[in-house]
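input21.cif (mmCIF, C-alpha atoms and all ligand atoms) appears below.
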```cif
data_protein
loop_
_atom_site.group_PDB
_atom_site.id
_atom_site.type_symbol
_atom_site.label_atom_id
_atom_site.label_comp_id
_atom_site.auth_asym_id
_atom_site.auth_seq_id
_atom_site.Cartn_x
_atom_site.Cartn_y
_atom_site.Cartn_z
ATOM 1 C CA MET A 89 0.000 0.000 0.000
ATOM 2 C CA ALA A 90 1.268 3.453 -0.907
ATOM 3 C CA VAL A 91 2.275 5.629 2.015
ATOM 4 C CA PRO A 92 2.376 9.447 1.749
ATOM 5 C CA ARG A 93 5.925 10.756 1.919
ATOM 6 C CA ASN A 94 5.107 14.185 3.325
ATOM 7 C CA ARG A 95 2.376 15.590 5.461
ATOM 8 C CA HIS A 96 -0.158 17.876 3.773
ATOM 9 C CA SER A 97 -1.072 21.078 5.552
ATOM 10 C CA ASN A 98 -4.535 21.769 6.921
ATOM 11 C CA ALA A 99 -5.022 24.453 4.259
ATOM 12 C CA ARG A 100 -4.193 21.975 1.484
ATOM 13 C CA LYS A 101 -6.563 19.416 2.973
ATOM 14 C CA ASN A 102 -9.359 21.973 3.349
ATOM 15 C CA THR A 103 -8.822 23.320 -0.182
ATOM 16 C CA ARG A 104 -9.179 19.797 -1.563
ATOM 17 C CA ARG A 105 -12.363 19.256 0.452
ATOM 18 C CA ALA A 106 -13.882 22.597 -0.608
ATOM 19 C CA HIS A 107 -15.770 20.812 -3.439
ATOM 20 C CA ASP A 108 -16.886 17.788 -1.396
ATOM 21 C CA ALA A 109 -20.011 19.289 0.142
ATOM 22 C CA LYS A 110 -23.277 17.551 -0.674
ATOM 23 C CA ARG A 111 -25.711 19.683 -2.613
ATOM 24 C CA PRO A 112 -29.440 19.830 -1.888
ATOM 25 C CA ALA A 113 -31.748 17.824 -4.115
ATOM 26 C CA ASN A 114 -33.076 19.626 -7.187
ATOM 27 C CA ILE A 115 -36.796 19.889 -6.488
ATOM 28 C CA LEU A 116 -39.105 20.939 -9.314
ATOM 29 C CA THR A 117 -42.867 21.270 -9.589
ATOM 30 C CA CYS A 118 -44.912 18.810 -11.630
ATOM 31 C CA LYS A 119 -46.358 20.393 -14.777
ATOM 32 C CA ASN A 120 -49.495 18.288 -14.433
ATOM 33 C CA CYS A 121 -50.448 18.452 -10.744
ATOM 34 C CA LYS A 122 -48.093 21.178 -9.417
ATOM 35 C CA SER A 123 -46.660 18.960 -6.661
ATOM 36 C CA ALA A 124 -42.972 18.816 -5.705
ATOM 37 C CA VAL A 125 -40.964 16.359 -7.850
ATOM 38 C CA LEU A 126 -37.303 15.377 -7.936
ATOM 39 C CA ALA A 127 -35.563 16.160 -11.232
ATOM 40 C CA HIS A 128 -35.378 13.301 -13.806
ATOM 41 C CA ARG A 129 -37.974 11.305 -11.890
ATOM 42 C CA MET A 130 -41.612 10.474 -12.424
ATOM 43 C CA CYS A 131 -44.157 12.388 -10.362
ATOM 44 C CA ALA A 132 -45.142 10.164 -7.437
ATOM 45 C CA SER A 133 -48.623 11.640 -7.084
ATOM 46 C CA CYS A 134 -49.897 11.652 -10.689
ATOM 47 C CA GLY A 135 -47.377 9.456 -12.597
ATOM 48 C CA HIS A 136 -46.458 12.061 -15.211
ATOM 49 C CA TYR A 137 -42.972 12.663 -16.603
ATOM 50 C CA ASN A 138 -42.030 15.275 -19.194
ATOM 51 C CA GLY A 139 -45.650 16.232 -19.777
ATOM 52 C CA ARG A 140 -47.079 12.729 -20.347
ATOM 53 C CA SER A 141 -48.312 9.823 -18.240
ATOM 54 C CA VAL A 142 -45.698 7.082 -17.847
ATOM 55 C CA ALA A 143 -47.040 5.135 -14.866
ATOM 56 C CA GLN A 144 -48.373 1.627 -15.536
ATOM 57 C CA SER A 145 -52.040 1.152 -14.790
ATOM 58 C CA ASP A 146 -53.139 -1.574 -12.382
ATOM 59 C CA GLN A 147 -56.074 -2.594 -14.600
ATOM 60 C CA ALA A 148 -54.256 -4.772 -17.162
ATOM 61 C CA PRO A 149 -50.956 -6.203 -15.864
ATOM 62 C CA ALA A 150 -51.502 -9.597 -17.599
ATOM 63 C CA GLN A 151 -50.862 -8.275 -21.105
ATOM 64 C CA GLU A 152 -47.568 -6.678 -20.003
ATOM 65 C CA GLN A 153 -46.204 -9.991 -18.695
ATOM 66 C CA ALA A 154 -47.112 -11.904 -21.870
ATOM 67 C CA GLN A 155 -44.686 -9.856 -23.969
ATOM 68 C CA GLY A 156 -41.703 -10.392 -21.672
HETATM 69 ZN ZN ZN B 201 -47.754 15.252 -10.906
#
```

Conversion result in structure tokens:
Amino acid sequence: MAVPRNRHSNARKNTRRAHDAKRPANILTCKNCKSAVLAHRMCASCGHYNGRSVAQSDQAPAQEQAQG
């Protein structure tokens, strides 16, 4: 295992870690139902993504399984 030859200063350590902070989640509003939605994810309340419905309906799951 590699061992560091010299000690790095606190300033060098802190400068390296200046970009390590976790950013808050990007929360948008759904265009269909106006609820809060995470970016690049389907709306949990109405099932819309990018202006159209993408959620599977619970009425006909048998036809979906026959294709796979
Ligand atoms: Zn929605």

Practice task
Produce as an NGL selection string the set of residues near ligand ZN 201 (chain B), where near means within 12 Å with all atoms listed in the file considered.
Solution key: :A and (116-126 or 129-143)

Extending 3 Å beyond the listed atoms of region 124-133 of chain A on each side, what axis-aligned box results? I want centre and edge lengths in Å to one decimal, as lines of an AutoDock Vina configuration file.
```
center_x = -42.0
center_y = 14.5
center_z = -9.8
size_x = 19.2
size_y = 14.7
size_z = 14.1
```

Handout entry: Distance of CA of Met89 (chain A) from CA of Arg105 (chain A), expressed in Å to one decimal place
Key =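 So the two atoms, CA of Arg105 (chain A) and CA of Met89 (chain A), lie 22.9 Å apart.
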
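Of note, CA of Ala127 (chain A) and CA of Asp108 (chain A) are spaced 21.2 Å apart.
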